[in-house]
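Asks: This structure is in C-alpha cells; I'll ask about it shortly.
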Amino acid sequence: MKEKKIQDIILNPVYITGLDIDKQELDYLAHKMLSDDCCKIVFAESPDDIPKLVRRPVIVTAADSSEEALLLANQIKERNPDSLLLLVIPDDAPADMLKEIASLDLAGIVGGNDLRMLLYHISVFVFRNRRDDPSEVLSSLIQRGYIPDTTESMISVIGSDLRYRGINSAFCQAMSVTPKQVIGRYPSELWGKDVFSNVIQNNLKRCLKGEVIKYKARFSGVEFEGRSFEVIYRPWQPEGTDKNLSVVETREITQYEEERKSAVSTGLRSNYLEKYLPFGLFDCDRTGKILFANRTFFNIAGISEAKDDTGLYVESLFPADKRFTDYLSGVVKGESSTFGQVTMRRSDGTDIFVRITSHARPDPEHGVVVNSVLEETTREVTLERKLSSIHRMETLGTLAGGIAHDFNTILTTISGYAELTREETGPDTEIYNYMMRISGAVRKAEAVINQMLTFSRQVDQERVAVGIVGIIREACDFVSSASPENVLLQTDLSADDLIVLADPTQLFRVFLNIMTNGVQSMEHSGGFLNVTAERDTTDNRQNARIVVSDTGSGIESSVIDHIFEPFFTTKDVGKGTGMGLSVAHGIITSLGGEMEVESKPGTGTRFTILLPLVETDKDGKIQYPGDEHRTVLYADTDIYFSRTLSLALEKVGFRVLMATTPEDITLMTDSYREDISISILRSGRDSDTGELMRHILAATGQAPMVLIAHSGIDHLRLLNTEEKKRVAFAAEPVSLRDILNAINENC
Amino acid sequence: MTSILLVEDNSDLRAMLKSSLEKRRYIVIEASDGREALKKFKPLLVDLVITDLLMPEQDGIGLIMELKKVKPEIRVIAISGGGKAGPANYLSIAETLGADAVFAKPFNLNQFLDKVAEVLE
C-alpha cells in the first residue's frame, strides 16, 4: 500500500452508491461526518456512476439484500480496484452470506440499521490507512479536530499493555480531559478501580486476543442517571504492524432505546410500515404528481427511488390505460375509490396488472392529496383469465356437440331425400346429377361436423401406443418439402423413447397443423421453425413436451385468447375454416394432454404440447386402462346418466356397483368393501358432494376415487391431505374416455 | 306384411325415413319419442323398432330396455346423431343392449335400407 498523508486520504471523496441509503440518511451522514474541508460526498446510483479518475475513493455502498450487497461489492471492486469499500449489509444477513462477504477484500462491513456504526467505520478508515503508529494518527487527528466531527461516541485505543494509545474529542469532552493527560495511562487511573473492574479488564484482554465484545451499560453518577450506553470492544491490528490493539467505543443509546420503546405507538412505526409494507403506497396531488411513495411502490413500478424528487407523475406509469386521469378526478370529487385490473408499465417495459384503491383528503399545501394503495394482481388476473378461458372452451364444446347432433339429423334427411329422388329419376338425367352433388355436399358437411366433434372431445379416438418422435419426424418431412426456401426447419428430436397413447393419424394432423401455421407466418419474412421433443417430469408426472416455435409475425394479444376456439380464424375468407387449432386443442386435451401458446407480435410464436407418457410395467409392457376386471363403486344421483355410464364402464371391463342414494352407497360399501378398487362419484346438484366424498373415501380403504364435477376445488376443501391424494378429477361434461383417463392416470 | 315402429324426434328425418321404408313396402308406425313409442308398441304386430337414441322424454336406450322386457326377441336398429355424450358411446351401449344394428347419422340411405331388410330376414 502506498503511503498516504492523512490530508490526502481525508480529502478523497466518499462515494455512496446503491439504492438503499436514502436521501435523509445521506444528509445526516454528510452533516455529521463530512464537513466541507474534510471529505466530499458524492451520491451514485450504480457502480457505473462512480468516476474512475479520482484518487482512491472511500466507497460506501448499501443494499437491500446480502445478495445485492455482494453483487455491488464485486462490481465496485472490478471498476475501482484501488477503492476502499465499506459495505452496509442488512442486519439479518445469513451466516454463509456473511462468510462470503468477509472473504472479499473490504475495508469494513456494517449492519444495515446502524448509521452510527457506519460513521465510526468511516472514521476508522482514516487511521487504518496509515503506516504510522495509530496513537500518533489518532492524536494528530484529534489535534486537527477531525475525529470530533465524526462521531459522538467516545473512542479510545488501548494497547496490549492495557494503556491508552489514543482518545477522540468526544472522549475528552465527556471526561473533561485532554489527550495528553490520558495517553500512556491505565484506564483504571482515569475511571477509578471500582469502575474499571476485573470484568472490564477481562473484556479488554479477550478483545486483544481477537474477540468483539459488545454490551449495554449504565454508569453510576448523577450525570449518568437514566442514561443508557453501549460499549463495544473491537480488536484491531493496524496493517503492516504486529501490534494488537483494542478500539473501545462507548456511545450513548438513551435516545435510541427510548425511540425503540415508543416506536410501537408513534410515527416510527408508521414510517416502518410505510417502508416495508407489502403494498405500494403513494400520495399524489390532483394532477397526479407523486408527492410520496414507499419502497414497495418503487419495487412494483420497477423504478429507482431516487426518481422520487425529479417529479414523477402517476399517469406515466399507465401509458396503455388512459382511464387513470378520469379515475383520479373522480377520486378528487369523492367518487369511486377502487381501480382494478389496470395495466401498469414497469420501467423495464414489462406490463403488469395492478389494483389501486384511493381516497382523497384535504391538504393545506396542495389543496387535495390522494392517498393510494397499489397492489400487484398479475397472478390473480392471469389465473382468472385462464379459468374463464377453460370455461369458455367447455361451453363451446357443449354447444358444438349440440349443433353437431342436430346437424347430423338434418343432413341425414337431406341426403336421404337426395337418394330417394335419384332412385325416382334414374341415372342419365340432369336431376340425378344434381342429386349426386347434394350428396357430395352432405359428405363435406359431415366432415366439418366431425371436426367440431373432435374439438368438443366427442369423437372417440383409436388409441394405440405410439412413438411420438416418429410422428413428428413424418410431419417435419411433410412440412419441409412444402416450405418456401427462406424458412429453415431445425429439430432436436433425440429423445426417441417417448411413447404416448394416441391415434397416430390425429397426432400427425396436430403437428402438421401447428407447423404449417408457423411456416405460413414466415412466408414473407423467412425464418426458423424449431421443433423439439423431450421428456418432462414436472409435478411428478411423466410427459412428453413438444415445442414448436417460429420466428414469424407472431399473434396479437387480442387474438391469442381465442386461438383455440372453433370457427376462429384470422385467415382470409376461404383460406381456412378456423377449425385447425381448435381441433388440435381438442385432440390433445382428449388425450389428457395440454396445449399452450405464447406469442409476441413481430418476434414469433411458440406452441407447447404436453402429452402423458404411457406407463409400463416391470417387463416394459404397456399398461392399458381396463386391463383387469376391477370392481368400481359408482355413485350418481342422476339415474338417467348413471345408467348410460355404468353400461359403458361394464363394456370396457369393469364390474360396476351402482349407487344412486346415500343409503345405496352405505349398502354397497358394507357389502363389497373388500372388492371395491375404485370409486367414482358424480357431483349432483343437490347432494352434498364433500360429505359424500368423505364417506366413500372412509368406507373404501385405500381405493382411489374419480370425482366427476364442474369444478373439483370446492369439494376438496373438506378432505385431509391423505384423502386428497386419492382423488382424481374429471371435468363435466364427462365422457367415458375422460373417466378412463382419470382412472389410468391416477389410480 | 312387416311392421316397423319408427321412433325419431326430428319430424323431417322421420318423414324421409317413413317414405323410404314405405317404398320398400313396409308398414311404418311413427312415434316422436320413447314414451309415445311405448304406447304405440304392439308386441304381436311390430317386427322391428328403429329408434333414435337421443330424444326428449323417454330416450332410445331406455326404450330398448323396456321393449326387450315386453318382447325379448324384438329386432332393433339404433341410430344416433352424436354430440352430447358421444355417438360412439351411445351406439355401443345400444349394441350391448341387443340392438341388431347401429347407424351413426348421417348415414347412407341405401345401406340403411339394405340393413333393415337383412335384420328382418
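Chain lettering (A, B, ...) mirrors the order of the C-alpha cells, residue numbering begins at 1 for each chain separately, and ligand numbering begins at 1 in order of display.
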Near chain A, meaning an atom within 12 Å, which residues of chain B appear when counting only C-alpha atoms? Write them as an mmCIF file with N, CA and C atoms, in the first residue's frame.
Replies:
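Everything below was put into selection.cif:
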data_model
loop_
_atom_site.group_PDB
_atom_site.id
_atom_site.type_symbol
_atom_site.label_atom_id
_atom_site.label_comp_id
_atom_site.auth_asym_id
_atom_site.auth_seq_id
_atom_site.Cartn_x
_atom_site.Cartn_y
_atom_site.Cartn_z
ATOM 1 N N GLU B 8 -88.353 -41.332 -33.856
ATOM 2 C CA GLU B 8 -87.384 -40.280 -34.180
ATOM 3 C C GLU B 8 -88.043 -38.942 -33.862
ATOM 4 N N ASP B 9 -87.332 -38.078 -33.122
ATOM 5 C CA ASP B 9 -87.975 -36.828 -32.713
ATOM 6 C C ASP B 9 -87.948 -35.767 -33.803
ATOM 7 N N ASN B 10 -87.019 -35.891 -34.747
ATOM 8 C CA ASN B 10 -86.958 -34.901 -35.820
ATOM 9 C C ASN B 10 -87.954 -35.294 -36.906
ATOM 10 N N SER B 11 -88.988 -34.456 -37.099
ATOM 11 C CA SER B 11 -90.094 -34.862 -37.962
ATOM 12 C C SER B 11 -89.669 -34.946 -39.430
ATOM 13 N N ASP B 12 -88.738 -34.111 -39.862
ATOM 14 C CA ASP B 12 -88.268 -34.166 -41.249
ATOM 15 C C ASP B 12 -87.609 -35.505 -41.536
ATOM 16 N N LEU B 13 -86.694 -35.878 -40.634
ATOM 17 C CA LEU B 13 -85.990 -37.130 -40.834
ATOM 18 C C LEU B 13 -86.979 -38.296 -40.768
ATOM 19 N N ARG B 14 -87.934 -38.179 -39.805
ATOM 20 C CA ARG B 14 -88.921 -39.238 -39.646
ATOM 21 C C ARG B 14 -89.735 -39.406 -40.948
ATOM 22 N N ALA B 15 -90.127 -38.278 -41.533
ATOM 23 C CA ALA B 15 -90.915 -38.319 -42.762
ATOM 24 C C ALA B 15 -90.118 -38.948 -43.896
ATOM 25 N N MET B 16 -88.843 -38.566 -43.983
ATOM 26 C CA MET B 16 -87.996 -39.105 -45.054
ATOM 27 C C MET B 16 -87.847 -40.615 -44.890
ATOM 28 N N LEU B 17 -87.550 -41.048 -43.656
ATOM 29 C CA LEU B 17 -87.366 -42.477 -43.413
ATOM 30 C C LEU B 17 -88.664 -43.244 -43.683
ATOM 31 N N LYS B 18 -89.782 -42.609 -43.257
ATOM 32 C CA LYS B 18 -91.086 -43.251 -43.456
ATOM 33 C C LYS B 18 -91.317 -43.476 -44.959
ATOM 34 N N SER B 19 -91.085 -42.436 -45.785
ATOM 35 C CA SER B 19 -91.299 -42.561 -47.236
ATOM 36 C C SER B 19 -90.440 -43.674 -47.803
ATOM 37 N N SER B 20 -89.173 -43.670 -47.414
ATOM 38 C CA SER B 20 -88.260 -44.650 -47.995
ATOM 39 C C SER B 20 -88.641 -46.076 -47.574
ATOM 40 N N LEU B 21 -89.056 -46.217 -46.295
ATOM 41 C CA LEU B 21 -89.436 -47.553 -45.819
ATOM 42 C C LEU B 21 -90.726 -48.026 -46.514
ATOM 43 N N GLU B 22 -91.645 -47.067 -46.672
ATOM 44 C CA GLU B 22 -92.914 -47.422 -47.325
ATOM 45 C C GLU B 22 -92.698 -47.815 -48.781
ATOM 46 N N LYS B 23 -91.690 -47.154 -49.375
ATOM 47 C CA LYS B 23 -91.366 -47.518 -50.769
ATOM 48 C C LYS B 23 -90.911 -48.966 -50.855
ATOM 49 N N ARG B 24 -90.277 -49.421 -49.745
ATOM 50 C CA ARG B 24 -89.869 -50.832 -49.701
ATOM 51 C C ARG B 24 -90.997 -51.738 -49.168
ATOM 52 N N ASP B 52 -84.091 -43.581 -32.665
ATOM 53 C CA ASP B 52 -83.028 -42.617 -32.381
ATOM 54 C C ASP B 52 -82.646 -42.830 -30.916
ATOM 55 N N LEU B 53 -81.463 -42.446 -30.520
ATOM 56 C CA LEU B 53 -81.077 -42.684 -29.126
ATOM 57 C C LEU B 53 -81.251 -41.454 -28.248
ATOM 58 N N LEU B 54 -81.036 -40.271 -28.827
ATOM 59 C CA LEU B 54 -81.165 -39.051 -28.023
ATOM 60 C C LEU B 54 -82.483 -38.374 -28.344
ATOM 61 N N MET B 55 -83.432 -38.464 -27.411
ATOM 62 C CA MET B 55 -84.755 -37.867 -27.639
ATOM 63 C C MET B 55 -85.274 -37.296 -26.330
ATOM 64 N N GLU B 57 -88.146 -36.747 -23.368
ATOM 65 C CA GLU B 57 -88.935 -37.744 -22.624
ATOM 66 C C GLU B 57 -88.134 -39.039 -22.512
ATOM 67 N N GLN B 58 -88.751 -40.139 -22.788
ATOM 68 C CA GLN B 58 -88.052 -41.423 -22.742
ATOM 69 C C GLN B 58 -87.042 -41.482 -23.885
ATOM 70 N N ASP B 59 -85.758 -41.776 -23.585
ATOM 71 C CA ASP B 59 -84.758 -41.814 -24.650
ATOM 72 C C ASP B 59 -84.639 -43.217 -25.229
ATOM 73 N N GLY B 60 -83.827 -43.335 -26.270
ATOM 74 C CA GLY B 60 -83.723 -44.581 -27.007
ATOM 75 C C GLY B 60 -83.214 -45.760 -26.186
ATOM 76 N N ILE B 61 -82.178 -45.484 -25.362
ATOM 77 C CA ILE B 61 -81.606 -46.571 -24.549
ATOM 78 C C ILE B 61 -82.687 -47.160 -23.629
ATOM 79 N N GLY B 62 -83.421 -46.248 -22.965
ATOM 80 C CA GLY B 62 -84.489 -46.685 -22.056
ATOM 81 C C GLY B 62 -85.558 -47.442 -22.816
ATOM 82 N N MET B 65 -84.519 -50.969 -23.556
ATOM 83 C CA MET B 65 -84.597 -51.817 -22.370
ATOM 84 C C MET B 65 -86.048 -52.231 -22.083
ATOM 85 N N ILE B 79 -80.192 -45.581 -34.199
ATOM 86 C CA ILE B 79 -79.499 -44.537 -34.951
ATOM 87 C C ILE B 79 -79.203 -43.387 -33.996
ATOM 88 N N SER B 80 -78.054 -42.744 -34.201
ATOM 89 C CA SER B 80 -77.729 -41.642 -33.306
ATOM 90 C C SER B 80 -76.955 -40.565 -34.032
ATOM 91 N N GLY B 81 -77.189 -39.348 -33.636
ATOM 92 C CA GLY B 81 -76.558 -38.221 -34.312
ATOM 93 C C GLY B 81 -75.316 -37.727 -33.623
ATOM 94 N N GLY B 82 -74.956 -38.387 -32.539
ATOM 95 C CA GLY B 82 -73.739 -37.955 -31.845
ATOM 96 C C GLY B 82 -73.966 -36.692 -31.058
ATOM 97 N N GLY B 83 -72.875 -36.141 -30.593
ATOM 98 C CA GLY B 83 -72.979 -34.953 -29.746
ATOM 99 C C GLY B 83 -73.282 -35.346 -28.325
ATOM 100 N N LYS B 84 -73.377 -34.376 -27.469
ATOM 101 C CA LYS B 84 -73.681 -34.546 -26.037
ATOM 102 C C LYS B 84 -72.827 -35.606 -25.354
ATOM 103 N N ALA B 85 -73.216 -36.845 -25.316
ATOM 104 C CA ALA B 85 -72.396 -37.814 -24.608
ATOM 105 C C ALA B 85 -71.511 -38.629 -25.542
ATOM 106 N N GLY B 86 -71.525 -38.325 -26.830
ATOM 107 C CA GLY B 86 -70.647 -39.024 -27.747
ATOM 108 C C GLY B 86 -71.389 -40.106 -28.498
ATOM 109 N N PRO B 87 -71.350 -40.066 -29.838
ATOM 110 C CA PRO B 87 -72.114 -41.002 -30.655
ATOM 111 C C PRO B 87 -71.666 -42.440 -30.430
ATOM 112 N N ALA B 88 -70.359 -42.624 -30.416
ATOM 113 C CA ALA B 88 -69.838 -43.984 -30.336
ATOM 114 C C ALA B 88 -70.277 -44.628 -29.027
ATOM 115 N N ASN B 89 -70.250 -43.830 -27.937
ATOM 116 C CA ASN B 89 -70.653 -44.376 -26.647
ATOM 117 C C ASN B 89 -72.085 -44.864 -26.686
ATOM 118 N N TYR B 90 -72.965 -44.025 -27.200
ATOM 119 C CA TYR B 90 -74.385 -44.355 -27.221
ATOM 120 C C TYR B 90 -74.652 -45.595 -28.054
ATOM 121 N N LEU B 91 -74.026 -45.582 -29.235
ATOM 122 C CA LEU B 91 -74.279 -46.693 -30.143
ATOM 123 C C LEU B 91 -73.731 -47.996 -29.581
ATOM 124 N N SER B 92 -72.562 -47.904 -28.911
ATOM 125 C CA SER B 92 -72.003 -49.142 -28.389
ATOM 126 C C SER B 92 -72.853 -49.654 -27.227
ATOM 127 N N ILE B 93 -73.434 -48.734 -26.461
ATOM 128 C CA ILE B 93 -74.328 -49.162 -25.386
ATOM 129 C C ILE B 93 -75.559 -49.839 -25.986
ATOM 130 N N ALA B 94 -76.094 -49.232 -27.051
ATOM 131 C CA ALA B 94 -77.269 -49.797 -27.710
ATOM 132 C C ALA B 94 -76.969 -51.209 -28.198
ATOM 133 N N GLU B 95 -75.770 -51.356 -28.729
ATOM 134 C CA GLU B 95 -75.364 -52.661 -29.231
ATOM 135 C C GLU B 95 -75.302 -53.664 -28.076
ATOM 136 N N THR B 96 -74.741 -53.204 -26.953
ATOM 137 C CA THR B 96 -74.666 -54.066 -25.776
ATOM 138 C C THR B 96 -76.065 -54.494 -25.335
ATOM 139 N N LEU B 97 -76.997 -53.576 -25.466
ATOM 140 C CA LEU B 97 -78.360 -53.866 -25.023
ATOM 141 C C LEU B 97 -79.107 -54.782 -25.987
ATOM 142 N N PHE B 103 -76.527 -47.264 -36.522
ATOM 143 C CA PHE B 103 -76.129 -46.329 -37.577
ATOM 144 C C PHE B 103 -75.846 -44.966 -36.968
ATOM 145 N N ALA B 104 -74.726 -44.392 -37.395
ATOM 146 C CA ALA B 104 -74.434 -43.033 -36.947
ATOM 147 C C ALA B 104 -74.865 -42.077 -38.042
ATOM 148 N N LYS B 105 -75.609 -41.065 -37.670
ATOM 149 C CA LYS B 105 -76.035 -40.063 -38.641
ATOM 150 C C LYS B 105 -74.827 -39.225 -39.034
ATOM 151 N N PRO B 106 -74.712 -38.755 -40.220
ATOM 152 C CA PRO B 106 -75.616 -39.032 -41.324
ATOM 153 C C PRO B 106 -75.219 -40.344 -42.002
ATOM 154 N N PHE B 107 -76.177 -41.143 -42.344
ATOM 155 C CA PHE B 107 -75.838 -42.429 -42.942
ATOM 156 C C PHE B 107 -76.380 -42.497 -44.356
ATOM 157 N N ASN B 108 -75.849 -43.448 -45.097
ATOM 158 C CA ASN B 108 -76.285 -43.644 -46.474
ATOM 159 C C ASN B 108 -77.611 -44.390 -46.469
ATOM 160 N N LEU B 109 -78.599 -43.800 -47.101
ATOM 161 C CA LEU B 109 -79.962 -44.338 -47.035
ATOM 162 C C LEU B 109 -80.053 -45.773 -47.552
ATOM 163 N N ASN B 110 -79.380 -46.031 -48.694
ATOM 164 C CA ASN B 110 -79.498 -47.367 -49.277
ATOM 165 C C ASN B 110 -78.862 -48.440 -48.393
ATOM 166 N N GLN B 111 -77.707 -48.077 -47.808
ATOM 167 C CA GLN B 111 -77.080 -49.029 -46.882
ATOM 168 C C GLN B 111 -78.023 -49.314 -45.719
ATOM 169 N N PHE B 112 -78.684 -48.242 -45.252
ATOM 170 C CA PHE B 112 -79.601 -48.376 -44.130
ATOM 171 C C PHE B 112 -80.763 -49.305 -44.495
ATOM 172 N N LEU B 113 -81.336 -49.089 -45.691
ATOM 173 C CA LEU B 113 -82.489 -49.905 -46.114
ATOM 174 C C LEU B 113 -82.093 -51.365 -46.329
#
Asks: Which polymer residues have any atom within 9 Å of an atom of A:Gly684, counting only C-alpha atoms, with same-chain residues fewer than 3 positions away left out, as a PyMOL selection string?
Replies: chain A and resi 636-638+681+687-689+709
Asks: Give me, as a ChimeraX atom specification, all polymer residues having an atom no more than 9 Å from B:Asp100, counting only C-alpha atoms and skipping those fewer than 4 positions away in the same chain.
Replies: /B:75-78,94-95,119
Asks: Kindly save the residues from that selection, with N, CA, C and O atoms included, as a PDB file, in the first residue's frame.
Replies:
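File written: again04.pdb
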ATOM      1  N   ARG B  75     -86.581 -57.060 -32.860  1.00  0.00           N
ATOM      2  CA  ARG B  75     -85.387 -56.572 -33.588  1.00  0.00           C
ATOM      3  C   ARG B  75     -85.286 -55.062 -33.404  1.00  0.00           C
ATOM      4  O   ARG B  75     -86.292 -54.368 -33.413  1.00  0.00           O
ATOM      5  N   VAL B  76     -84.079 -54.588 -33.260  1.00  0.00           N
ATOM      6  CA  VAL B  76     -83.875 -53.151 -33.035  1.00  0.00           C
ATOM      7  C   VAL B  76     -82.741 -52.626 -33.911  1.00  0.00           C
ATOM      8  O   VAL B  76     -81.690 -53.257 -34.036  1.00  0.00           O
ATOM      9  N   ILE B  77     -82.982 -51.501 -34.531  1.00  0.00           N
ATOM     10  CA  ILE B  77     -81.887 -50.769 -35.188  1.00  0.00           C
ATOM     11  C   ILE B  77     -81.798 -49.400 -34.513  1.00  0.00           C
ATOM     12  O   ILE B  77     -82.795 -48.686 -34.425  1.00  0.00           O
ATOM     13  N   ALA B  78     -80.625 -49.095 -33.998  1.00  0.00           N
ATOM     14  CA  ALA B  78     -80.448 -47.813 -33.304  1.00  0.00           C
ATOM     15  C   ALA B  78     -79.734 -46.833 -34.211  1.00  0.00           C
ATOM     16  O   ALA B  78     -78.796 -47.186 -34.932  1.00  0.00           O
ATOM     17  N   ALA B  94     -76.094 -49.232 -27.051  1.00  0.00           N
ATOM     18  CA  ALA B  94     -77.269 -49.797 -27.710  1.00  0.00           C
ATOM     19  C   ALA B  94     -76.969 -51.209 -28.198  1.00  0.00           C
ATOM     20  O   ALA B  94     -77.775 -52.122 -28.045  1.00  0.00           O
ATOM     21  N   GLU B  95     -75.770 -51.356 -28.729  1.00  0.00           N
ATOM     22  CA  GLU B  95     -75.364 -52.661 -29.231  1.00  0.00           C
ATOM     23  C   GLU B  95     -75.302 -53.664 -28.076  1.00  0.00           C
ATOM     24  O   GLU B  95     -75.747 -54.805 -28.191  1.00  0.00           O
ATOM     25  N   VAL B 119     -81.901 -57.434 -41.343  1.00  0.00           N
ATOM     26  CA  VAL B 119     -82.312 -57.687 -39.961  1.00  0.00           C
ATOM     27  C   VAL B 119     -83.650 -58.405 -39.914  1.00  0.00           C
ATOM     28  O   VAL B 119     -83.900 -59.257 -39.054  1.00  0.00           O
TER      29      VAL B 119
END
Asks: Here is a test: counting only C-alpha atoms, which residue of A:Lys289, A:His695, A:Arg323, A:Arg682 is nearest to A:Asp670?
Replies: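 Among A:Lys289, A:His695, A:Arg323, A:Arg682, it is A:His695 that comes nearest to A:Asp670.
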Asks: Could you go through chain B and tell me which residues DSSP, when run on the backbone, assigns to strand (DSSP E or B), listing them as a ChimeraX atom specification?
Replies: /B:3-7,27-31,46-52,75-80,101-104
Asks: Select from chain B everything DSSP, run on the backbone, classes as alpha helix (DSSP H), then give the selection as a PyMOL selection string.
Replies: chain B and resi 11-23+34-40+60-70+87-96+109-120
Asks: Between atom CA of A:Val727 and atom CA of A:His710, measure the distance and give it in Å to one decimal.
Replies: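 About the pair atom CA of A:Val727 and atom CA of A:His710: they are 14.8 Å apart.
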Asks: What is the atom CA of A:Arg545-atom CA of A:Ala475 distance in Å, reported with one decimal?
Replies: 16.3 Å
Asks: Excluding same-chain residues fewer than 4 positions from A:Ile200, what lies within 12 Å of it counting only C-alpha atoms, as an NGL selection string?
Replies: :A and (162 or 187-188 or 191 or 193-196 or 204-207 or 213-215 or 217 or 231-233 or 248)
Asks: Neighbours of A:Thr608 within 12 Å (only C-alpha atoms; same-chain residues fewer than 2 positions away dropped), as a VMD selection string?
Replies: chain A and resid 510 to 511 514 to 515 530 to 534 536 543 to 550 585 588 593 to 599 605 to 606 610 to 611
Asks: Write out, as a short mmCIF file (atom, residue, chain, number, x, y, z; two decimals), in the first residue's frame, the residues just selected, with N, CA and C atoms.
Replies:
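result.cif written:
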data_model
loop_
_atom_site.label_atom_id
_atom_site.label_comp_id
_atom_site.auth_asym_id
_atom_site.auth_seq_id
_atom_site.Cartn_x
_atom_site.Cartn_y
_atom_site.Cartn_z
N VAL A 510 -52.26 -32.86 -35.84
CA VAL A 510 -51.98 -31.77 -34.89
C VAL A 510 -50.64 -31.11 -35.22
N PHE A 511 -49.60 -31.93 -35.36
CA PHE A 511 -48.26 -31.37 -35.61
C PHE A 511 -48.21 -30.66 -36.96
N ILE A 514 -49.89 -27.22 -36.63
CA ILE A 514 -49.10 -26.20 -35.93
C ILE A 514 -47.91 -25.76 -36.77
N MET A 515 -47.23 -26.76 -37.35
CA MET A 515 -46.04 -26.43 -38.13
C MET A 515 -46.41 -25.60 -39.35
N ASN A 530 -38.51 -24.15 -35.23
CA ASN A 530 -37.81 -25.05 -34.32
C ASN A 530 -38.78 -26.07 -33.75
N VAL A 531 -38.39 -27.32 -33.80
CA VAL A 531 -39.23 -28.37 -33.24
C VAL A 531 -38.39 -29.21 -32.29
N THR A 532 -38.82 -29.31 -31.04
CA THR A 532 -38.10 -30.15 -30.09
C THR A 532 -39.08 -31.06 -29.36
N ALA A 533 -38.57 -32.22 -28.96
CA ALA A 533 -39.36 -33.14 -28.13
C ALA A 533 -38.47 -33.63 -27.01
N GLU A 534 -38.99 -33.60 -25.82
CA GLU A 534 -38.19 -34.08 -24.69
C GLU A 534 -39.09 -34.62 -23.58
N ASP A 536 -40.49 -34.66 -19.86
CA ASP A 536 -40.73 -33.60 -18.89
C ASP A 536 -41.31 -34.27 -17.64
N ASN A 543 -44.35 -36.68 -18.81
CA ASN A 543 -44.97 -36.13 -20.00
C ASN A 543 -43.96 -36.04 -21.13
N ALA A 544 -44.48 -36.04 -22.33
CA ALA A 544 -43.65 -35.67 -23.47
C ALA A 544 -43.91 -34.19 -23.69
N ARG A 545 -42.83 -33.41 -23.80
CA ARG A 545 -43.01 -31.98 -24.05
C ARG A 545 -42.54 -31.69 -25.47
N ILE A 546 -43.48 -31.23 -26.27
CA ILE A 546 -43.14 -30.93 -27.66
C ILE A 546 -43.29 -29.42 -27.85
N VAL A 547 -42.23 -28.80 -28.30
CA VAL A 547 -42.28 -27.36 -28.51
C VAL A 547 -42.07 -27.05 -29.98
N VAL A 548 -43.00 -26.30 -30.55
CA VAL A 548 -42.86 -25.87 -31.94
C VAL A 548 -42.84 -24.35 -31.92
N SER A 549 -41.71 -23.77 -32.30
CA SER A 549 -41.66 -22.30 -32.27
C SER A 549 -41.20 -21.76 -33.61
N ASP A 550 -41.71 -20.59 -33.94
CA ASP A 550 -41.29 -19.96 -35.19
C ASP A 550 -40.80 -18.55 -34.93
N HIS A 585 -56.34 -28.64 -30.45
CA HIS A 585 -56.51 -28.49 -29.00
C HIS A 585 -57.41 -29.59 -28.45
N ILE A 588 -55.51 -32.97 -28.38
CA ILE A 588 -54.52 -33.03 -27.29
C ILE A 588 -55.22 -33.15 -25.93
N GLY A 593 -53.74 -34.42 -22.44
CA GLY A 593 -52.58 -33.54 -22.56
C GLY A 593 -52.96 -32.08 -22.44
N GLU A 594 -51.94 -31.22 -22.61
CA GLU A 594 -52.18 -29.79 -22.54
C GLU A 594 -51.55 -29.13 -23.75
N MET A 595 -52.14 -28.04 -24.17
CA MET A 595 -51.58 -27.33 -25.31
C MET A 595 -51.63 -25.84 -24.99
N GLU A 596 -50.47 -25.20 -25.08
CA GLU A 596 -50.43 -23.77 -24.77
C GLU A 596 -49.73 -23.01 -25.87
N VAL A 597 -50.02 -21.72 -25.91
CA VAL A 597 -49.38 -20.90 -26.93
C VAL A 597 -48.88 -19.61 -26.29
N GLU A 598 -47.67 -19.21 -26.68
CA GLU A 598 -47.17 -17.90 -26.27
C GLU A 598 -46.74 -17.19 -27.56
N SER A 599 -46.90 -15.88 -27.57
CA SER A 599 -46.50 -15.19 -28.79
C SER A 599 -46.22 -13.73 -28.52
N THR A 605 -43.99 -17.14 -32.50
CA THR A 605 -44.99 -17.85 -31.73
C THR A 605 -44.41 -19.18 -31.28
N ARG A 606 -44.88 -19.61 -30.13
CA ARG A 606 -44.35 -20.85 -29.58
C ARG A 606 -45.50 -21.68 -29.02
N LEU A 610 -48.00 -30.81 -24.04
CA LEU A 610 -47.62 -31.84 -23.07
C LEU A 610 -48.54 -33.03 -23.28
N LEU A 611 -47.95 -34.19 -23.42
CA LEU A 611 -48.77 -35.41 -23.57
C LEU A 611 -48.29 -36.43 -22.55
#
